>>> print(open('run_30.txt').read())   # compact mmCIF, C-alpha atoms and all ligand atoms
# COMPACT_ATOMS: atom_id res chain seq x y z
CA MET A 9 -10.15 14.18 7.99
CA SER A 10 -13.77 13.98 6.90
CA THR A 11 -16.77 15.25 8.80
CA LEU A 12 -17.64 13.34 12.04
CA GLU A 13 -14.01 12.11 12.18
CA SER A 14 -14.72 9.22 9.88
CA PHE A 15 -12.14 8.03 7.40
CA THR A 16 -12.16 6.50 3.96
CA TRP A 17 -9.51 4.06 2.73
CA LEU A 18 -8.70 2.37 -0.56
CA ILE A 19 -6.32 -0.58 -0.23
CA THR A 20 -4.84 -2.70 -3.01
CA GLY A 21 -4.06 -6.42 -2.68
CA SER A 22 -6.59 -7.04 0.11
CA SER A 23 -7.20 -10.71 -0.72
CA ARG A 24 -4.45 -12.03 1.57
CA GLY A 25 -1.34 -11.18 3.56
CA ILE A 26 -0.78 -7.67 4.87
CA GLY A 27 -3.57 -6.13 2.77
CA LEU A 28 -6.13 -8.50 4.28
CA GLU A 29 -4.86 -7.75 7.79
CA LEU A 30 -4.93 -3.99 7.17
CA THR A 31 -8.56 -4.32 6.12
CA ARG A 32 -9.41 -6.54 9.10
CA GLN A 33 -7.92 -4.18 11.68
CA LEU A 34 -9.48 -1.07 10.10
CA LEU A 35 -12.91 -2.72 10.19
CA THR A 36 -12.68 -3.12 13.98
CA SER A 37 -13.55 0.60 14.20
CA PRO A 38 -16.85 2.14 13.06
CA VAL A 39 -15.04 5.28 11.90
CA ASN A 40 -13.52 3.51 8.90
CA THR A 41 -14.99 2.91 5.47
CA VAL A 42 -12.67 0.56 3.59
CA ILE A 43 -12.73 0.05 -0.14
CA ALA A 44 -10.79 -3.20 -0.20
CA THR A 45 -9.63 -4.06 -3.69
CA CYS A 46 -8.36 -7.34 -5.07
CA ARG A 47 -7.90 -9.02 -8.43
CA ASP A 48 -10.70 -11.54 -7.98
CA PRO A 49 -13.43 -10.58 -5.48
CA THR A 50 -15.40 -13.77 -6.14
CA GLY A 51 -12.44 -15.89 -5.00
CA ALA A 52 -11.52 -13.66 -2.05
CA SER A 53 -13.30 -15.68 0.64
CA ALA A 54 -11.14 -14.47 3.56
CA LEU A 55 -11.80 -10.87 2.57
CA THR A 56 -15.54 -11.41 2.14
CA ALA A 57 -15.67 -13.11 5.56
CA LEU A 58 -14.48 -9.86 7.20
CA GLN A 59 -17.98 -8.50 6.64
CA ASP A 60 -19.19 -10.61 9.58
CA GLY A 61 -18.81 -8.66 12.78
CA ALA A 62 -17.23 -5.65 11.09
CA GLN A 63 -17.67 -2.39 12.97
CA GLY A 64 -16.56 -0.35 9.98
CA THR A 65 -17.97 -0.41 6.47
CA LEU A 66 -16.50 -2.75 3.88
CA HIS A 67 -16.79 -2.42 0.12
CA ILE A 68 -15.01 -4.95 -2.07
CA ILE A 69 -14.17 -4.11 -5.65
CA ALA A 70 -12.02 -5.65 -8.38
CA LEU A 71 -8.67 -4.05 -9.13
CA ASP A 72 -5.68 -5.48 -10.96
CA VAL A 73 -2.87 -2.94 -10.62
CA ALA A 74 -1.19 -4.37 -13.73
CA ASP A 75 -4.15 -3.30 -15.88
CA GLU A 76 -4.81 0.38 -16.62
CA VAL A 77 -8.44 -0.26 -17.61
CA SER A 78 -9.01 -2.10 -14.33
CA ILE A 79 -7.48 0.82 -12.42
CA ARG A 80 -9.73 3.37 -14.11
CA THR A 81 -12.84 1.20 -13.69
CA ALA A 82 -12.10 0.61 -10.00
CA VAL A 83 -11.58 4.32 -9.34
CA LYS A 84 -14.94 5.09 -11.00
CA GLU A 85 -16.57 2.53 -8.70
CA ALA A 86 -14.77 4.01 -5.71
CA ALA A 87 -16.04 7.48 -6.64
CA VAL A 88 -19.63 6.20 -6.62
CA ILE A 89 -19.10 4.52 -3.22
CA LEU A 90 -17.55 7.69 -1.76
CA GLY A 91 -20.22 10.04 -3.12
CA GLU A 92 -19.57 13.47 -1.62
CA ARG A 93 -16.72 12.20 0.54
CA GLY A 94 -13.08 12.33 -0.48
CA LEU A 95 -10.52 9.56 -0.22
CA ASP A 96 -8.54 10.04 3.01
CA TYR A 97 -6.04 7.19 2.59
CA LEU A 98 -4.81 5.54 -0.61
CA TYR A 99 -2.85 2.48 0.47
CA ASN A 100 -0.74 0.98 -2.34
CA ASN A 101 -0.08 -2.45 -0.84
CA ALA A 102 -0.27 -4.95 -3.74
CA ALA A 103 3.06 -6.13 -5.08
CA ILE A 104 4.97 -9.15 -6.35
CA ASN A 105 8.35 -10.62 -5.44
CA GLU A 106 8.70 -13.58 -7.79
CA THR A 107 12.39 -14.31 -7.70
CA ASP A 108 15.49 -14.17 -5.50
CA ASP A 109 17.82 -13.09 -8.31
CA THR A 110 21.03 -11.09 -8.53
CA ALA A 111 22.28 -8.26 -10.74
CA PHE A 112 24.12 -10.69 -13.02
CA SER A 113 21.42 -13.37 -13.13
CA PHE A 114 18.18 -11.39 -13.50
CA ASP A 115 15.57 -12.07 -16.15
CA PRO A 116 14.62 -8.89 -18.09
CA ALA A 117 10.98 -9.94 -18.55
CA ARG A 118 10.63 -10.47 -14.80
CA LEU A 119 12.20 -7.10 -14.05
CA ALA A 120 9.79 -5.39 -16.45
CA ARG A 121 6.86 -7.21 -14.83
CA ALA A 122 7.96 -6.26 -11.30
CA VAL A 123 8.36 -2.61 -12.28
CA HIS A 124 4.96 -2.69 -13.98
CA ILE A 125 3.13 -4.11 -10.96
CA ASN A 126 5.18 -2.57 -8.13
CA VAL A 127 5.72 0.91 -9.58
CA VAL A 128 3.61 1.71 -12.65
CA GLY A 129 0.45 0.32 -11.02
CA PRO A 130 0.70 2.39 -7.82
CA ALA A 131 1.73 5.46 -9.85
CA LEU A 132 -1.27 5.19 -12.18
CA LEU A 133 -3.64 4.44 -9.33
CA ALA A 134 -2.51 7.57 -7.46
CA GLN A 135 -2.95 9.58 -10.65
CA ALA A 136 -6.46 8.20 -11.18
CA CYS A 137 -7.35 8.80 -7.52
CA LEU A 138 -6.19 12.43 -7.59
CA PRO A 139 -9.69 13.98 -7.71
CA LEU A 140 -10.82 11.72 -4.85
CA LEU A 141 -7.76 12.59 -2.73
CA GLU A 142 -8.23 16.30 -3.48
CA LYS A 143 -11.75 16.14 -2.01
CA SER A 144 -10.32 14.87 1.31
CA THR A 145 -8.81 17.07 4.02
CA ARG A 146 -6.44 14.20 5.02
CA LYS A 147 -4.93 13.29 1.57
CA VAL A 148 -2.58 10.49 2.63
CA VAL A 149 -0.87 8.17 0.13
CA VAL A 150 1.06 5.21 1.52
CA ASN A 151 3.32 3.29 -0.84
CA MET A 152 4.24 -0.06 0.68
CA THR A 153 7.94 -0.51 0.13
CA SER A 154 10.61 -2.75 1.63
CA GLY A 155 13.84 -2.42 3.54
CA LEU A 156 15.37 -4.09 0.47
CA ALA A 157 14.77 -0.81 -1.38
CA SER A 158 17.28 0.97 0.84
CA ILE A 159 20.87 1.38 -0.33
CA GLY A 160 21.71 2.80 3.11
CA LEU A 161 20.69 -0.45 4.85
CA ASP A 162 23.21 -2.33 2.65
CA CYS A 163 21.14 -5.53 2.19
CA GLY A 164 23.55 -7.11 -0.30
CA PRO A 165 23.00 -8.72 -3.71
CA LYS A 166 19.79 -10.72 -3.05
CA CYS A 167 16.37 -10.01 -4.58
CA THR A 168 17.71 -7.59 -7.18
CA THR A 169 14.57 -7.33 -9.31
CA TYR A 170 12.29 -6.71 -6.33
CA SER A 171 14.76 -4.26 -4.73
CA ILE A 172 15.04 -2.23 -7.95
CA SER A 173 11.25 -2.02 -8.22
CA LYS A 174 10.83 -0.89 -4.61
CA ALA A 175 13.67 1.65 -4.90
CA ALA A 176 11.79 3.09 -7.88
CA LEU A 177 8.61 3.17 -5.78
CA ASN A 178 10.55 5.14 -3.16
CA MET A 179 11.56 7.68 -5.80
CA LEU A 180 7.94 7.88 -6.95
CA THR A 181 6.99 8.64 -3.34
CA TYR A 182 9.54 11.45 -3.16
CA LYS A 183 8.34 12.93 -6.46
CA GLN A 184 4.66 12.71 -5.47
CA ALA A 185 5.43 14.42 -2.16
CA LYS A 186 7.41 17.19 -3.88
CA GLU A 187 4.70 17.79 -6.49
CA ARG A 188 1.82 17.97 -4.04
CA SER A 189 2.78 19.73 -0.82
CA ASP A 190 -0.88 19.58 0.28
CA PHE A 191 -0.67 15.74 0.37
CA ILE A 192 1.10 13.46 2.84
CA VAL A 193 2.90 10.83 0.77
CA VAL A 194 5.15 8.27 2.45
CA CYS A 195 6.75 4.94 1.73
CA LEU A 196 6.62 2.37 4.50
CA ASP A 197 8.42 -0.92 5.12
CA PRO A 198 6.20 -3.41 6.99
CA GLY A 199 9.21 -5.38 8.28
CA TRP A 200 9.74 -9.06 7.51
CA VAL A 201 6.23 -10.43 7.91
CA LYS A 202 4.76 -13.96 7.83
CA THR A 203 2.76 -13.94 4.60
CA ASP A 204 2.95 -15.83 1.32
CA MET A 205 5.63 -13.35 0.27
CA GLY A 206 7.52 -13.18 3.57
CA GLY A 207 7.32 -16.93 4.24
CA ASP A 208 6.79 -18.84 7.48
CA GLY A 209 10.30 -18.04 8.68
CA ALA A 210 9.65 -14.30 8.76
CA MET A 211 10.18 -12.40 12.01
CA LEU A 212 6.86 -10.61 12.44
CA GLU A 213 3.26 -11.73 12.77
CA ARG A 214 0.84 -9.92 10.46
CA GLU A 215 -1.21 -8.60 13.40
CA PHE A 216 1.90 -7.08 15.01
CA SER A 217 3.24 -5.39 11.87
CA VAL A 218 -0.14 -4.02 10.82
CA SER A 219 -1.10 -2.69 14.27
CA HIS A 220 2.14 -0.68 14.27
CA ILE A 221 1.67 0.42 10.66
CA LEU A 222 -1.80 1.75 11.41
CA LYS A 223 -0.53 3.71 14.43
CA VAL A 224 2.12 5.33 12.24
CA VAL A 225 -0.11 5.99 9.25
CA THR A 226 -3.05 7.46 11.15
CA ALA A 227 -0.69 9.80 13.05
CA LEU A 228 1.11 11.15 9.96
CA VAL A 229 1.43 14.93 9.79
CA SER A 230 2.44 17.19 6.92
CA GLN A 231 6.11 17.28 8.06
CA ASP A 232 6.28 13.51 7.46
CA THR A 233 5.65 13.75 3.74
CA GLY A 234 8.31 12.38 1.40
CA LYS A 235 9.85 10.16 4.09
CA PHE A 236 10.70 6.46 4.26
CA PHE A 237 9.41 4.79 7.42
CA ARG A 238 9.68 1.38 9.04
CA TYR A 239 6.47 -0.14 10.44
CA ASN A 240 7.37 1.12 13.94
CA GLY A 241 7.72 4.75 12.85
CA GLU A 242 11.52 4.73 12.68
CA GLN A 243 12.83 6.65 9.66
CA LEU A 244 14.93 4.57 7.25
CA PRO A 245 17.88 5.70 5.14
CA TRP A 246 17.33 5.90 1.38
N1 LIG B 301 5.84 -9.92 3.79
C1 LIG B 301 6.97 -9.27 3.93
O1 LIG B 301 7.90 -9.71 4.66
C2 LIG B 301 7.17 -7.94 3.25
C3 LIG B 301 8.38 -7.28 3.47
C4 LIG B 301 8.58 -6.04 2.89
C5 LIG B 301 7.60 -5.49 2.08
N2 LIG B 301 6.44 -6.17 1.87
C6 LIG B 301 5.42 -5.52 1.02
O2 LIG B 301 4.16 -5.54 1.67
C7 LIG B 301 3.11 -5.60 0.69
C8 LIG B 301 2.19 -6.78 0.98
O3 LIG B 301 2.98 -7.95 0.92
P1 LIG B 301 2.47 -9.38 1.46
O4 LIG B 301 3.57 -9.96 2.24
O5 LIG B 301 1.10 -9.25 2.04
O6 LIG B 301 2.41 -10.15 0.05
P2 LIG B 301 1.52 -11.43 -0.40
O7 LIG B 301 1.16 -12.23 0.77
O8 LIG B 301 2.30 -12.05 -1.51
O9 LIG B 301 0.21 -10.73 -1.00
C9 LIG B 301 0.36 -9.94 -2.15
C10 LIG B 301 -0.96 -9.28 -2.44
O10 LIG B 301 -0.78 -8.47 -3.63
C11 LIG B 301 -1.78 -8.84 -4.55
N3 LIG B 301 -1.38 -8.64 -5.93
C12 LIG B 301 -0.33 -9.19 -6.60
N4 LIG B 301 -0.35 -8.76 -7.87
C13 LIG B 301 -1.42 -7.97 -8.01
C14 LIG B 301 -1.98 -7.23 -9.09
N5 LIG B 301 -1.47 -7.25 -10.32
N6 LIG B 301 -3.10 -6.48 -8.85
C15 LIG B 301 -3.66 -6.45 -7.63
N7 LIG B 301 -3.20 -7.14 -6.58
C16 LIG B 301 -2.09 -7.89 -6.77
C17 LIG B 301 -2.10 -10.30 -4.27
O11 LIG B 301 -3.36 -10.61 -4.81
P3 LIG B 301 -3.77 -12.12 -5.32
O12 LIG B 301 -4.31 -12.82 -4.11
O13 LIG B 301 -4.78 -11.86 -6.37
O14 LIG B 301 -2.51 -12.75 -5.86
C18 LIG B 301 -2.07 -10.28 -2.75
O15 LIG B 301 -3.27 -9.78 -2.23
C19 LIG B 301 3.82 -5.68 -0.66
O16 LIG B 301 3.94 -4.37 -1.19
C20 LIG B 301 5.21 -6.21 -0.30
O17 LIG B 301 6.17 -5.85 -1.26
C21 LIG B 301 6.21 -7.39 2.43
>>> encode(input="run_30.txt", output="structure tokens")
Amino acid sequence: MSTLESFTWLITGSSRGIGLELTRQLLTSPVNTVIATCRDPTGASALTALQDGAQGTLHIIALDVADEVSIRTAVKEAAVILGERGLDYLYNNAAINETDDTAFSFDPARLARAVHINVVGPALLAQACLPLLEKSTRKVVVNMTSGLASIGLDCGPKCTTYSISKAALNMLTYKQAKERSDFIVVCLDPGWVKTDMGGDGAMLEREFSVSHILKVVTALVSQDTGKFFRYNGEQLPW
């Protein structure tokens, strides 16, 4: 927590879907400063429109999580925006799910790409943000995962590439939490949500999923670190 109970956030993939909704809901409170990142700020009209009527403070910067130079440049920009403040919440939301493949039909190039964007990107971003997180007294890292990452939930053969990448993100979460006991690092499944990725047939509205996510994330305590949560705060099996 920063002075005056105000909070700073950096969110990836804020141009649409859950990332856009996270940014929108956070900006309904004046306590939040949101560094909303996306690949192409000039084309992110829905994100830019959130400025109108925002109670919180919005900064939009470019960040492609597939590009190490972009990550380092964005973190430098974030450091300038934050000034003396630390980063309270790093929210690794951006991801891809390009194919509904199986273990015996996957395409190796697609698997490498999914691991690069869904795991290497969030890992490098957390590494680059380390000095900013260390300046915060809150130090929360949220890695957006999926129920499909869980072996315990027994989701079957579908979406193998995506599931492998999110299972690896879960292991990254565990390792980050074990390395830094002063941080709170969790992975969180938003549920099946109506977005471009989730599709129109998904069960949850974006508003519903995100309002629950924000209740869970803002209430996290040190004992929660290293855990795998569902959007409603229920703990999921690995
Ligand atoms: N929707 C669901 O049912 C569901 C279920 C479980 C987990 N999730 C997870 O929830 C998170 C958000 O998903 P969503 O449903 O909102 O997905 P979405 O609608 O497909 O949006 C994906 C977001 O990620 C961004 N992105 C993709 N590649 C990127 C890159 N290389 N660098 C930076 N940003 C990139 C996209 O930016 P552009 O606009 O530039 O493409 C977009 O903002 C993801 O981690 C996803 O795996 C979603």
>>> closest_residue(input="run_30.txt", among="A:Asp60, A:Asp204, A:Glu187, A:Glu213", to="Thr233 (chain A)", atoms="only C-alpha atoms")
A:Glu187
>>> residues_around(input="run_30.txt", residues="Lys147 (chain A)", least_positions_apart="2", cutoff="7 Å", atoms="all atoms listed in the file", output="JSON, numbers by chain")
{"A": [95, 96, 97, 141, 142, 144, 145, 149, 191, 192]}
>>> residues_around(input="run_30.txt", residues="Pro130 (chain A)", least_positions_apart="3", cutoff="8 Å", atoms="all atoms listed in the file", output="number ranges by chain")
A: 73, 100, 125-127, 133-134, 151
>>> write_last_selection(input="run_30.txt", atoms="C-alpha atoms", output="tab-separated table (two decimals), keeping the file's coordinate frame")
chain	number	residue	atom	x	y	z
A	73	VAL	CA	-2.87	-2.94	-10.62
A	100	ASN	CA	-0.74	0.98	-2.34
A	125	ILE	CA	3.13	-4.11	-10.96
A	126	ASN	CA	5.18	-2.57	-8.13
A	127	VAL	CA	5.72	0.91	-9.58
A	133	LEU	CA	-3.64	4.44	-9.33
A	134	ALA	CA	-2.51	7.57	-7.46
A	151	ASN	CA	3.32	3.29	-0.84
>>> closest_residue(input="run_30.txt", among="A:Tyr170, A:Leu98, A:Ala210, A:Ala111", to="Cys195 (chain A)", atoms="all atoms listed in the file")
A:Leu98
>>> closest_residue(input="run_30.txt", among="A:Leu35, A:Ala185, A:Ile43, A:Cys163", to="Ser230 (chain A)", atoms="only C-alpha atoms")
A:Ala185
>>> atom_distance(input="run_30.txt", atom1="CA of Ala176 (chain A)", atom2="CA of Leu222 (chain A)")
23.6 Å
>>> residues_near_ligand(input="run_30.txt", ligand="ligand LIG 301 (chain B)", cutoff="7 Å", atoms="only C-alpha atoms and all ligand atoms", output="PyMOL selection string")
chain A and resi 20-27+46-48+71-74+101-105+125+152-155+197-206+210
>>> residues_around(input="run_30.txt", residues="Ala82 (chain A)", least_positions_apart="2", cutoff="8 Å", atoms="all atoms listed in the file", output="list in words")
Ile69, Ala70, Leu71, Ser78, Ile79, Arg80, Lys84, Glu85 and Ala86 of chain A
>>> closest_residue(input="run_30.txt", among="A:Leu140, A:Ile68, A:Leu244, A:Ala122", to="Ile172 (chain A)", atoms="only C-alpha atoms")
A:Ala122
>>> closest_residue(input="run_30.txt", among="A:Leu28, A:Asp109, A:Lys174, A:Val123", to="Thr45 (chain A)", atoms="only C-alpha atoms")
A:Leu28
>>> atom_distance(input="run_30.txt", atom1="CA of Val193 (chain A)", atom2="CA of Met211 (chain A)")
26.8 Å
